[in-house]
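Peer 1: Dropping the structure in here first, questions after.
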Amino acid sequence: MPELTKKTALRHDWPLEEIEALMARPFNDLLFEAQSVHRQHFDPGEIQASALLSIKTGGCPEDCGYCAQSMKNDSTLEPGGLIPLQEVVNAAKAAKAAGSSRFCMGAAWRKPGDSSLSRVIEMIEAVRGLGLETCATLGMLSAEQARRLKQAGLDYYNHNIDTSPEYYANIITTRTFADRLETLEHVRKAGINVCSGVILGMGENRKDRARMLQVLATQPEHPQSVPVNLLVPIKGTPLENAPALDIFELIRTIATARITMPRSYVRLSAGREALSDEAQALCFLAGANSFFHGEQLLTTANAEPDRDSGLLERLGLSLAKGPREQGSQGKETPGRGTSL
Ligand code: SAM
Ligand code: DTB
Ligand code: SF4
């Protein structure tokens, strides 16, 4: 039998009840299925590593209740302007040397202005020139801005749905869920890989978590990359005292993301620093195959790189080479629209 016919077909028609039923399965059954699906599409011994850099920090006009960078929140963060190109290049070189295959640049904007976008484009071109995959997260984009980014060679655009449509207004009021989907459409139509995921632990319930996955898995194409963030509670934000999520809910969500979007990279994202090694290992077993590597996320600390190296070694996992790295054995970015 040809290899491909054995693979699970991609589905874009997930009913909510089916996703909820998956999430409610006995834990061992859910993990077994997720790991089985994972093995049909990915090398189970490889983890993709992305590095993050905040290229414009703080002073954001949006009111996202989780974010250190919102002007509406009371965090102690000092806002700054767009950083110089050379700082970006230095950070990207260091990230590559530390094993990351993708470099993600984040800016605290509601949406980028066209001249700022020109400066970010220079950054993208420079990072690409180092042989890294590029990703940017700059807020809402027009169709034209998405086309400019594609032309600059941007590989991925990150734009998270963050939570369910029903829960959205509890977290953010300065934009709508529909705004988010519109930018995702512009990115997808421009031919840029979509990176879109969620934050867990913001007081949502399991049905909300199932809805988030439903929204992502019923997009015209599954996002090629699905970050699953665990809320990093930030002092001075409305969510600073959000009750901690049962970590098994994070693991169930990852497993269900793996089953519903079998060819997407599922990234164990923010909040990893607070997880035990054992919890991280279960996330990888559930099908997470990507993480942020490096000391810093945007404004908060990430898991220590030395701890990561030790953990990967103890688990027999290795960092995947990027598609643009010389002599790469790594898998190519999952093809856009390569439904089976
Ligand atoms: N301003 C742009 C936007 O919101 O799309 C890009 C940067 S924003 C910081 C990128 C993503 O980081 C958010 O969509 C959210 O999912 C995640 N994020 C921000 N603060 C977080 C926190 N405290 N805990 C977990 N995830 C967080
Ligand atoms: C994503 O899903 N998580 C990253 C990245 N995409 C841009 C951001 C995490 C931010 C965590 C909080 C902070 O460092 O400010
Ligand atoms: Fe601004 Fe993005 Fe933070 Fe929201 S998540 S406040 S849009 S930087």
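Chains: A, B, ... in order of the structure tokens. Residues: from 1 per chain. Ligands: from 1, in order shown.
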List all protein, DNA and RNA residues that have any atom at most 9 Å from ligand 1, counting only C-alpha atoms and all ligand atoms, and write the list as a short mmCIF file (atom, residue, chain, number, x, y, z; two decimals) with all heavy atoms, in the first residue's frame.

Peer 2:
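The new file selection-v7.cif reads:
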data_model
loop_
_atom_site.label_atom_id
_atom_site.label_comp_id
_atom_site.auth_asym_id
_atom_site.auth_seq_id
_atom_site.Cartn_x
_atom_site.Cartn_y
_atom_site.Cartn_z
N SER A 54 11.12 40.22 20.61
CA SER A 54 10.21 41.35 20.59
C SER A 54 10.91 42.51 19.89
O SER A 54 11.90 43.04 20.38
CB SER A 54 9.82 41.75 22.02
OG SER A 54 8.90 42.82 21.94
N THR A 57 8.26 46.72 21.72
CA THR A 57 7.68 46.24 22.98
C THR A 57 6.78 47.28 23.62
O THR A 57 7.16 48.45 23.75
CB THR A 57 8.83 45.89 23.96
OG1 THR A 57 9.71 44.96 23.30
CG2 THR A 57 8.30 45.26 25.24
N CYS A 60 0.85 49.15 23.58
CA CYS A 60 -0.14 48.71 22.58
C CYS A 60 -1.53 49.22 22.96
O CYS A 60 -1.95 49.12 24.10
CB CYS A 60 -0.13 47.18 22.51
SG CYS A 60 -1.26 46.53 21.27
N GLU A 62 -4.45 47.98 22.20
CA GLU A 62 -5.47 46.94 22.42
C GLU A 62 -5.58 46.63 23.92
O GLU A 62 -4.66 46.90 24.69
CB GLU A 62 -5.08 45.65 21.66
CG GLU A 62 -4.87 45.85 20.18
CD GLU A 62 -6.15 45.69 19.36
OE1 GLU A 62 -7.25 45.91 19.89
OE2 GLU A 62 -6.04 45.33 18.18
N CYS A 64 -6.09 43.51 25.44
CA CYS A 64 -6.02 42.06 25.72
C CYS A 64 -5.71 41.84 27.21
O CYS A 64 -4.68 42.30 27.72
CB CYS A 64 -4.93 41.42 24.85
SG CYS A 64 -5.10 41.87 23.11
N GLY A 65 -6.62 41.13 27.87
CA GLY A 65 -6.56 41.04 29.33
C GLY A 65 -5.40 40.25 29.88
O GLY A 65 -5.14 40.28 31.09
N TYR A 66 -4.68 39.55 29.02
CA TYR A 66 -3.56 38.71 29.46
C TYR A 66 -2.21 39.39 29.26
O TYR A 66 -1.19 38.88 29.69
CB TYR A 66 -3.56 37.38 28.67
CG TYR A 66 -3.71 37.60 27.17
CD1 TYR A 66 -2.63 37.99 26.39
CD2 TYR A 66 -4.95 37.46 26.54
CE1 TYR A 66 -2.78 38.23 25.03
CE2 TYR A 66 -5.10 37.69 25.18
CZ TYR A 66 -4.01 38.07 24.44
OH TYR A 66 -4.15 38.33 23.10
N CYS A 67 -2.19 40.53 28.57
CA CYS A 67 -0.93 40.97 27.96
C CYS A 67 -0.20 42.07 28.73
O CYS A 67 -0.78 43.09 29.10
CB CYS A 67 -1.19 41.44 26.52
SG CYS A 67 0.34 41.77 25.63
N ALA A 68 1.09 41.86 28.90
CA ALA A 68 1.96 42.82 29.58
C ALA A 68 2.12 44.09 28.75
O ALA A 68 2.52 45.13 29.27
CB ALA A 68 3.34 42.18 29.78
N GLN A 69 1.79 44.02 27.44
CA GLN A 69 2.14 45.11 26.54
C GLN A 69 1.01 46.08 26.25
O GLN A 69 1.17 47.05 25.53
CB GLN A 69 2.66 44.52 25.23
CG GLN A 69 3.78 43.52 25.46
CD GLN A 69 4.56 43.27 24.21
OE1 GLN A 69 5.24 44.16 23.72
NE2 GLN A 69 4.47 42.07 23.67
N SER A 70 -0.18 45.79 26.83
CA SER A 70 -1.32 46.68 26.60
C SER A 70 -1.18 47.94 27.45
O SER A 70 -0.91 47.86 28.65
CB SER A 70 -2.61 45.94 26.98
OG SER A 70 -3.66 46.87 27.09
N MET A 105 9.43 37.30 14.92
CA MET A 105 9.55 38.69 15.37
C MET A 105 8.18 39.22 15.77
O MET A 105 7.24 39.18 14.96
CB MET A 105 10.15 39.54 14.24
CG MET A 105 11.59 39.15 13.94
SD MET A 105 12.13 39.68 12.31
CE MET A 105 11.73 38.23 11.34
N GLY A 106 8.06 39.70 17.00
CA GLY A 106 6.76 40.14 17.50
C GLY A 106 6.73 41.63 17.79
O GLY A 106 7.70 42.18 18.33
N ALA A 107 5.65 42.29 17.41
CA ALA A 107 5.52 43.73 17.67
C ALA A 107 4.18 44.01 18.34
O ALA A 107 3.15 43.46 17.94
CB ALA A 107 5.61 44.51 16.36
N ALA A 108 4.22 44.89 19.34
CA ALA A 108 3.01 45.23 20.10
C ALA A 108 2.22 46.31 19.37
O ALA A 108 2.16 47.46 19.79
CB ALA A 108 3.39 45.68 21.50
N TRP A 109 1.66 45.93 18.26
CA TRP A 109 0.84 46.84 17.46
C TRP A 109 -0.57 46.28 17.36
O TRP A 109 -0.76 45.06 17.34
CB TRP A 109 1.38 46.94 16.03
CG TRP A 109 2.62 47.75 15.88
CD1 TRP A 109 2.93 48.92 16.52
CD2 TRP A 109 3.73 47.45 15.00
NE1 TRP A 109 4.16 49.36 16.10
CE2 TRP A 109 4.67 48.49 15.17
CE3 TRP A 109 4.00 46.43 14.09
CZ2 TRP A 109 5.87 48.52 14.46
CZ3 TRP A 109 5.19 46.46 13.40
CH2 TRP A 109 6.11 47.50 13.57
N ARG A 110 -1.54 47.21 17.21
CA ARG A 110 -2.88 46.77 16.81
C ARG A 110 -2.82 46.35 15.34
O ARG A 110 -3.30 45.33 14.93
CB ARG A 110 -3.88 47.93 17.01
CG ARG A 110 -5.26 47.67 16.45
CD ARG A 110 -6.19 48.82 16.82
NE ARG A 110 -7.39 48.83 16.00
CZ ARG A 110 -8.45 48.05 16.22
NH1 ARG A 110 -8.45 47.19 17.21
NH2 ARG A 110 -9.50 48.13 15.43
N LYS A 111 -2.14 47.20 14.55
CA LYS A 111 -1.84 46.87 13.15
C LYS A 111 -0.62 47.69 12.75
O LYS A 111 -0.43 48.80 13.28
CB LYS A 111 -3.02 47.17 12.24
CG LYS A 111 -3.55 48.57 12.34
CD LYS A 111 -4.76 48.75 11.44
CE LYS A 111 -5.13 50.22 11.48
NZ LYS A 111 -6.34 50.56 10.85
N ALA A 136 6.47 36.39 11.60
CA ALA A 136 6.23 37.70 12.21
C ALA A 136 4.84 37.71 12.82
O ALA A 136 3.94 37.00 12.36
CB ALA A 136 6.34 38.81 11.15
N THR A 137 4.68 38.52 13.87
CA THR A 137 3.38 38.69 14.49
C THR A 137 3.25 40.18 14.82
O THR A 137 3.93 40.69 15.70
CB THR A 137 3.18 37.73 15.69
OG1 THR A 137 1.90 37.96 16.26
CG2 THR A 137 4.25 37.84 16.75
N LEU A 138 2.44 40.86 14.01
CA LEU A 138 2.45 42.33 14.02
C LEU A 138 1.05 42.90 14.22
O LEU A 138 0.85 44.10 14.07
CB LEU A 138 3.00 42.84 12.67
CG LEU A 138 4.27 42.15 12.11
CD1 LEU A 138 4.54 42.59 10.68
CD2 LEU A 138 5.49 42.46 12.98
N GLY A 139 0.07 42.06 14.55
CA GLY A 139 -1.31 42.52 14.68
C GLY A 139 -2.08 42.34 13.38
O GLY A 139 -1.70 41.53 12.53
N MET A 140 -3.15 43.13 13.23
CA MET A 140 -4.01 42.97 12.05
C MET A 140 -3.31 43.42 10.78
O MET A 140 -2.56 44.40 10.80
CB MET A 140 -5.27 43.82 12.21
CG MET A 140 -6.15 43.39 13.34
SD MET A 140 -7.70 44.28 13.25
CE MET A 140 -7.64 45.17 14.79
N ASN A 158 2.07 34.81 12.45
CA ASN A 158 1.36 34.37 13.66
C ASN A 158 0.26 35.35 14.02
O ASN A 158 0.48 36.56 14.13
CB ASN A 158 2.35 34.25 14.84
CG ASN A 158 1.61 34.14 16.17
OD1 ASN A 158 1.57 35.09 16.94
ND2 ASN A 158 0.99 33.01 16.43
N HIS A 159 -0.91 34.82 14.21
CA HIS A 159 -2.07 35.63 14.60
C HIS A 159 -3.00 34.68 15.34
O HIS A 159 -3.70 33.87 14.71
CB HIS A 159 -2.71 36.19 13.33
CG HIS A 159 -3.55 37.41 13.53
ND1 HIS A 159 -3.04 38.61 13.98
CD2 HIS A 159 -4.87 37.62 13.34
CE1 HIS A 159 -4.01 39.51 14.03
NE2 HIS A 159 -5.14 38.93 13.67
N ASN A 160 -2.99 34.74 16.65
CA ASN A 160 -3.74 33.75 17.43
C ASN A 160 -5.21 34.13 17.55
O ASN A 160 -5.54 35.31 17.67
CB ASN A 160 -3.13 33.63 18.83
CG ASN A 160 -1.75 33.00 18.79
OD1 ASN A 160 -1.41 32.29 17.85
ND2 ASN A 160 -0.93 33.27 19.81
N ILE A 161 -6.07 33.09 17.59
CA ILE A 161 -7.48 33.38 17.89
C ILE A 161 -7.65 33.55 19.40
O ILE A 161 -8.65 34.07 19.86
CB ILE A 161 -8.45 32.29 17.35
CG1 ILE A 161 -8.12 30.90 17.93
CG2 ILE A 161 -8.43 32.26 15.82
CD1 ILE A 161 -9.23 29.87 17.70
N ASP A 162 -6.66 33.07 20.15
CA ASP A 162 -6.56 33.23 21.61
C ASP A 162 -7.60 32.44 22.40
O ASP A 162 -7.25 31.70 23.31
CB ASP A 162 -6.60 34.70 22.04
CG ASP A 162 -5.32 35.43 21.69
OD1 ASP A 162 -4.27 34.76 21.60
OD2 ASP A 162 -5.36 36.64 21.46
N THR A 163 -8.89 32.63 22.13
CA THR A 163 -9.89 31.89 22.90
C THR A 163 -11.10 31.61 22.00
O THR A 163 -11.04 31.84 20.80
CB THR A 163 -10.24 32.65 24.20
OG1 THR A 163 -11.01 31.79 25.04
CG2 THR A 163 -10.99 33.94 23.95
N ARG A 180 -10.06 38.99 13.76
CA ARG A 180 -8.95 38.04 13.80
C ARG A 180 -9.01 37.12 12.58
O ARG A 180 -8.02 36.90 11.88
CB ARG A 180 -9.11 37.19 15.06
CG ARG A 180 -8.13 37.26 16.21
CD ARG A 180 -7.19 38.35 16.34
NE ARG A 180 -5.94 37.89 16.93
CZ ARG A 180 -4.89 38.67 17.12
NH1 ARG A 180 -4.91 39.94 16.80
NH2 ARG A 180 -3.80 38.18 17.64
N SER A 196 -1.51 29.95 13.93
CA SER A 196 -2.61 30.50 14.72
C SER A 196 -3.00 29.51 15.81
O SER A 196 -3.22 28.33 15.54
CB SER A 196 -3.81 30.81 13.83
OG SER A 196 -4.82 31.45 14.59
N GLY A 197 -3.06 30.03 17.02
CA GLY A 197 -3.38 29.14 18.14
C GLY A 197 -4.11 29.85 19.25
O GLY A 197 -4.83 30.84 19.02
N VAL A 198 -3.92 29.34 20.44
CA VAL A 198 -4.79 29.68 21.57
C VAL A 198 -3.99 29.95 22.84
O VAL A 198 -2.80 29.65 22.90
CB VAL A 198 -5.77 28.50 21.83
CG1 VAL A 198 -6.63 28.23 20.59
CG2 VAL A 198 -5.02 27.22 22.22
N ILE A 199 -4.69 30.52 23.82
CA ILE A 199 -4.14 30.61 25.18
C ILE A 199 -5.11 29.84 26.08
O ILE A 199 -6.32 30.08 26.03
CB ILE A 199 -4.06 32.06 25.69
CG1 ILE A 199 -3.31 32.96 24.71
CG2 ILE A 199 -3.41 32.11 27.06
CD1 ILE A 199 -3.25 34.42 25.14
N LEU A 200 -4.59 28.96 26.89
CA LEU A 200 -5.43 28.22 27.84
C LEU A 200 -5.19 28.77 29.24
O LEU A 200 -4.13 29.34 29.53
CB LEU A 200 -5.10 26.73 27.81
CG LEU A 200 -5.17 26.04 26.44
CD1 LEU A 200 -4.92 24.54 26.60
CD2 LEU A 200 -6.49 26.30 25.74
N GLY A 201 -6.19 28.58 30.11
CA GLY A 201 -6.02 29.00 31.50
C GLY A 201 -6.48 30.41 31.75
O GLY A 201 -6.03 31.07 32.68
N PRO A 227 0.15 27.21 17.81
CA PRO A 227 0.72 27.37 19.16
C PRO A 227 -0.35 27.19 20.23
O PRO A 227 -1.44 27.75 20.12
CB PRO A 227 1.26 28.80 19.17
CG PRO A 227 0.67 29.50 18.00
CD PRO A 227 0.13 28.47 17.05
N VAL A 228 -0.04 26.38 21.23
CA VAL A 228 -0.92 26.25 22.39
C VAL A 228 -0.17 26.89 23.56
O VAL A 228 0.83 26.37 24.04
CB VAL A 228 -1.26 24.77 22.67
CG1 VAL A 228 -2.17 24.66 23.90
CG2 VAL A 228 -1.94 24.13 21.46
N ASN A 229 -0.64 28.08 23.93
CA ASN A 229 -0.02 28.82 25.03
C ASN A 229 -0.78 28.53 26.31
O ASN A 229 -2.01 28.42 26.32
CB ASN A 229 -0.11 30.34 24.78
CG ASN A 229 0.66 30.80 23.57
OD1 ASN A 229 1.87 30.98 23.62
ND2 ASN A 229 -0.03 30.99 22.44
N LEU A 230 -0.03 28.46 27.41
CA LEU A 230 -0.64 28.41 28.72
C LEU A 230 -0.45 29.82 29.27
O LEU A 230 0.65 30.37 29.17
CB LEU A 230 0.12 27.38 29.57
CG LEU A 230 -0.39 27.09 30.96
CD1 LEU A 230 -1.80 26.51 30.91
CD2 LEU A 230 0.55 26.08 31.63
N LEU A 231 -1.52 30.41 29.79
CA LEU A 231 -1.42 31.79 30.27
C LEU A 231 -0.20 31.97 31.18
O LEU A 231 -0.01 31.21 32.13
CB LEU A 231 -2.68 32.17 31.06
CG LEU A 231 -2.63 33.58 31.69
CD1 LEU A 231 -2.75 34.66 30.62
CD2 LEU A 231 -3.70 33.74 32.75
N VAL A 232 0.62 32.98 30.87
CA VAL A 232 1.67 33.41 31.80
C VAL A 232 1.04 34.57 32.57
O VAL A 232 0.80 35.63 31.97
CB VAL A 232 2.93 33.90 31.04
CG1 VAL A 232 4.00 34.34 32.01
CG2 VAL A 232 3.46 32.82 30.10
N PRO A 233 0.72 34.37 33.83
CA PRO A 233 0.02 35.45 34.54
C PRO A 233 0.93 36.65 34.75
O PRO A 233 2.06 36.49 35.21
CB PRO A 233 -0.37 34.81 35.89
CG PRO A 233 0.03 33.38 35.82
CD PRO A 233 1.01 33.22 34.70
N ILE A 234 0.46 37.83 34.35
CA ILE A 234 1.29 39.04 34.42
C ILE A 234 0.68 39.98 35.46
O ILE A 234 -0.52 40.30 35.39
CB ILE A 234 1.32 39.77 33.06
CG1 ILE A 234 1.65 38.81 31.91
CG2 ILE A 234 2.21 41.00 33.11
CD1 ILE A 234 3.04 38.70 31.47
N THR A 237 -2.34 42.89 35.16
CA THR A 237 -3.34 42.60 34.13
C THR A 237 -4.58 41.99 34.80
O THR A 237 -4.48 41.43 35.89
CB THR A 237 -2.80 41.58 33.09
OG1 THR A 237 -2.55 40.33 33.75
CG2 THR A 237 -1.52 42.05 32.43
N LEU A 239 -5.93 39.36 34.33
CA LEU A 239 -5.84 37.91 34.49
C LEU A 239 -4.72 37.48 35.44
O LEU A 239 -4.39 36.29 35.51
CB LEU A 239 -5.67 37.25 33.12
CG LEU A 239 -6.94 37.28 32.26
CD1 LEU A 239 -6.63 36.91 30.82
CD2 LEU A 239 -8.01 36.32 32.82
N GLU A 240 -4.17 38.45 36.19
CA GLU A 240 -3.01 38.08 37.00
C GLU A 240 -3.34 36.99 38.03
O GLU A 240 -2.47 36.22 38.39
CB GLU A 240 -2.36 39.29 37.68
CG GLU A 240 -3.13 39.91 38.82
CD GLU A 240 -2.29 40.93 39.61
OE1 GLU A 240 -1.35 40.53 40.32
OE2 GLU A 240 -2.58 42.13 39.49
N SER A 269 3.81 26.33 23.70
CA SER A 269 4.34 27.70 23.58
C SER A 269 4.57 28.35 24.93
O SER A 269 5.29 27.80 25.75
CB SER A 269 3.40 28.51 22.68
OG SER A 269 3.27 27.88 21.43
N ALA A 270 3.94 29.51 25.16
CA ALA A 270 4.16 30.20 26.44
C ALA A 270 3.70 29.31 27.59
O ALA A 270 2.84 28.44 27.42
CB ALA A 270 3.38 31.51 26.45
N GLY A 271 4.30 29.53 28.75
CA GLY A 271 3.88 28.79 29.95
C GLY A 271 4.70 27.54 30.18
O GLY A 271 4.53 26.86 31.19
N LEU A 298 8.44 37.03 24.71
CA LEU A 298 8.43 38.44 24.30
C LEU A 298 8.83 39.33 25.47
O LEU A 298 9.82 40.07 25.41
CB LEU A 298 7.05 38.82 23.75
CG LEU A 298 6.69 38.14 22.42
CD1 LEU A 298 5.27 38.48 22.01
CD2 LEU A 298 7.65 38.55 21.30
N THR A 299 8.07 39.23 26.56
CA THR A 299 8.40 40.07 27.73
C THR A 299 8.66 39.22 28.96
O THR A 299 8.96 39.75 30.01
CB THR A 299 7.24 41.04 28.05
OG1 THR A 299 6.12 40.28 28.55
CG2 THR A 299 6.81 41.83 26.84
N THR A 300 8.51 37.91 28.84
CA THR A 300 8.68 37.03 30.00
C THR A 300 9.73 35.96 29.69
O THR A 300 10.12 35.76 28.54
CB THR A 300 7.35 36.32 30.37
OG1 THR A 300 6.97 35.47 29.28
CG2 THR A 300 6.24 37.33 30.64
#

Peer 1: Which residues are close to region 118-128 of chain A, i.e. within 7 Å by only C-alpha atoms, leaving aside same-chain residues fewer than 5 positions away? Reply as a compact mmCIF listing (two decimals) with N, CA, C and O atoms, in the first residue's frame.

Peer 2:
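Okay, this is what ended up in result_6.txt:
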# COMPACT_ATOMS: atom_id res chain seq x y z
N LEU A 85 17.86 47.20 13.07
CA LEU A 85 18.04 45.98 12.27
C LEU A 85 19.19 45.12 12.82
O LEU A 85 19.08 43.90 12.89
N VAL A 88 18.36 42.79 15.55
CA VAL A 88 17.58 41.64 15.08
C VAL A 88 18.52 40.60 14.48
O VAL A 88 18.43 39.39 14.78
N VAL A 89 19.45 41.07 13.67
CA VAL A 89 20.39 40.15 13.02
C VAL A 89 21.22 39.41 14.07
O VAL A 89 21.41 38.18 14.00
N ALA A 92 19.11 36.83 15.75
CA ALA A 92 18.79 35.70 14.85
C ALA A 92 20.01 34.78 14.70
O ALA A 92 19.88 33.55 14.70
N GLU A 133 14.06 30.11 8.76
CA GLU A 133 12.68 30.41 8.39
C GLU A 133 12.27 31.65 9.17
O GLU A 133 12.74 31.88 10.29
N THR A 134 11.35 32.42 8.58
CA THR A 134 10.93 33.66 9.24
C THR A 134 9.46 33.61 9.62
O THR A 134 8.64 33.00 8.92
N LEU A 149 4.28 41.24 2.65
CA LEU A 149 5.07 40.33 3.48
C LEU A 149 5.42 39.06 2.71
O LEU A 149 6.52 38.52 2.83
N ALA A 152 8.23 39.69 0.45
CA ALA A 152 9.51 39.79 1.17
C ALA A 152 10.04 38.41 1.55
O ALA A 152 11.15 38.29 2.06
N LEU A 154 8.35 36.22 3.66
CA LEU A 154 7.94 35.76 5.00
C LEU A 154 7.35 34.35 4.91
O LEU A 154 6.49 34.08 4.07

Peer 1: Of the candidates A:Ala242, A:Ile171, A:Ala9, A:Ala303, which one gets nearest to ligand 3 if we count only C-alpha atoms and all ligand atoms?

Peer 2: A:Ile171

Peer 1: Which polymer residues have any atom within 12 Å of an atom of Arg206 (chain A), counting only C-alpha atoms, with same-chain residues fewer than 3 positions away left out, as a list in words?

Peer 2: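 Final neighbour list, sorted by chain and number: Leu16, Glu17, Ile19, Glu20, Ala21, Leu22, Met23, Ala24, Thr163, Ser164, Tyr167, Leu200, Gly201, Met202, Gly203, Arg209, Ala210, Arg211, Met212, Leu213, Leu245, Asp246, Phe248, Glu249, Leu250, Arg252, Thr253 and Thr256 of chain A.
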
Peer 1: Select, from A:Pro15, A:Gly81, A:Pro44, A:Pro238, the residue with the minimum atom-to-atom distance to Leu317 (chain A), counting only C-alpha atoms.

Peer 2: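 Using only C-alpha atoms, Leu317 (chain A) sits closest to A:Pro44.
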
Peer 1: For Leu184 (chain A), list every protein, DNA or RNA residue within 12 Å, evaluated using only C-alpha atoms, and leave out those in the same chain fewer than 5 positions away; present the list as a VMD selection string.

Peer 2: chain A and resid 137 139 to 143 146 156 to 161 177 to 179 189 to 197 215 to 216 219 to 224

Peer 1: If you run DSSP on this backbone, which residues of region 92-169 of chain A come out as strand (DSSP E), and could you give them as a list in words?

Peer 2: Arg102, Phe103, Cys104, Met105, Gly106, Ala107, Glu133, Thr134, Cys135, Ala136, Thr137, Tyr156, Tyr157 and Asn158 of chain A

Peer 1: Would you mind exporting C-alpha atoms of the selected residues as a CSV table (one decimal), in the first residue's frame?

Peer 2:
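File produced: result-v3.csv:
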chain,number,residue,atom,x,y,z
A,102,ARG,CA,12.7,29.6,12.7
A,103,PHE,CA,12.9,33.1,14.0
A,104,CYS,CA,9.7,34.9,15.0
A,105,MET,CA,9.6,38.7,15.4
A,106,GLY,CA,6.8,40.1,17.5
A,107,ALA,CA,5.5,43.7,17.7
A,133,GLU,CA,12.7,30.4,8.4
A,134,THR,CA,10.9,33.7,9.2
A,135,CYS,CA,7.8,34.4,11.2
A,136,ALA,CA,6.2,37.7,12.2
A,137,THR,CA,3.4,38.7,14.5
A,156,TYR,CA,4.8,32.3,8.6
A,157,TYR,CA,2.5,34.9,10.1
A,158,ASN,CA,1.4,34.4,13.7

Peer 1: Go through A:Leu117, A:Ala255, A:Ala244, A:Ala169 one by one, measure the shortest atom-to-atom distance of each to Glu144 (chain A) using only C-alpha atoms, and give the residue with the smallest value.

Peer 2: A:Leu117

Peer 1: Nearest residue to Glu166 (chain A) out of A:Lys207, A:Ala34, A:Glu185, A:Glu18, using only C-alpha atoms?

Peer 2: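 Distance minimum relative to Glu166 (chain A) lands on A:Lys207.
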
Peer 1: For Pro305 (chain A), which residue out of A:Gln35, A:Leu77, A:Glu46, A:Ser100 is the nearest one, using only C-alpha atoms?

Peer 2: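 Going through A:Gln35, A:Leu77, A:Glu46, A:Ser100 one by one, the smallest distance to Pro305 (chain A) is for A:Ser100.
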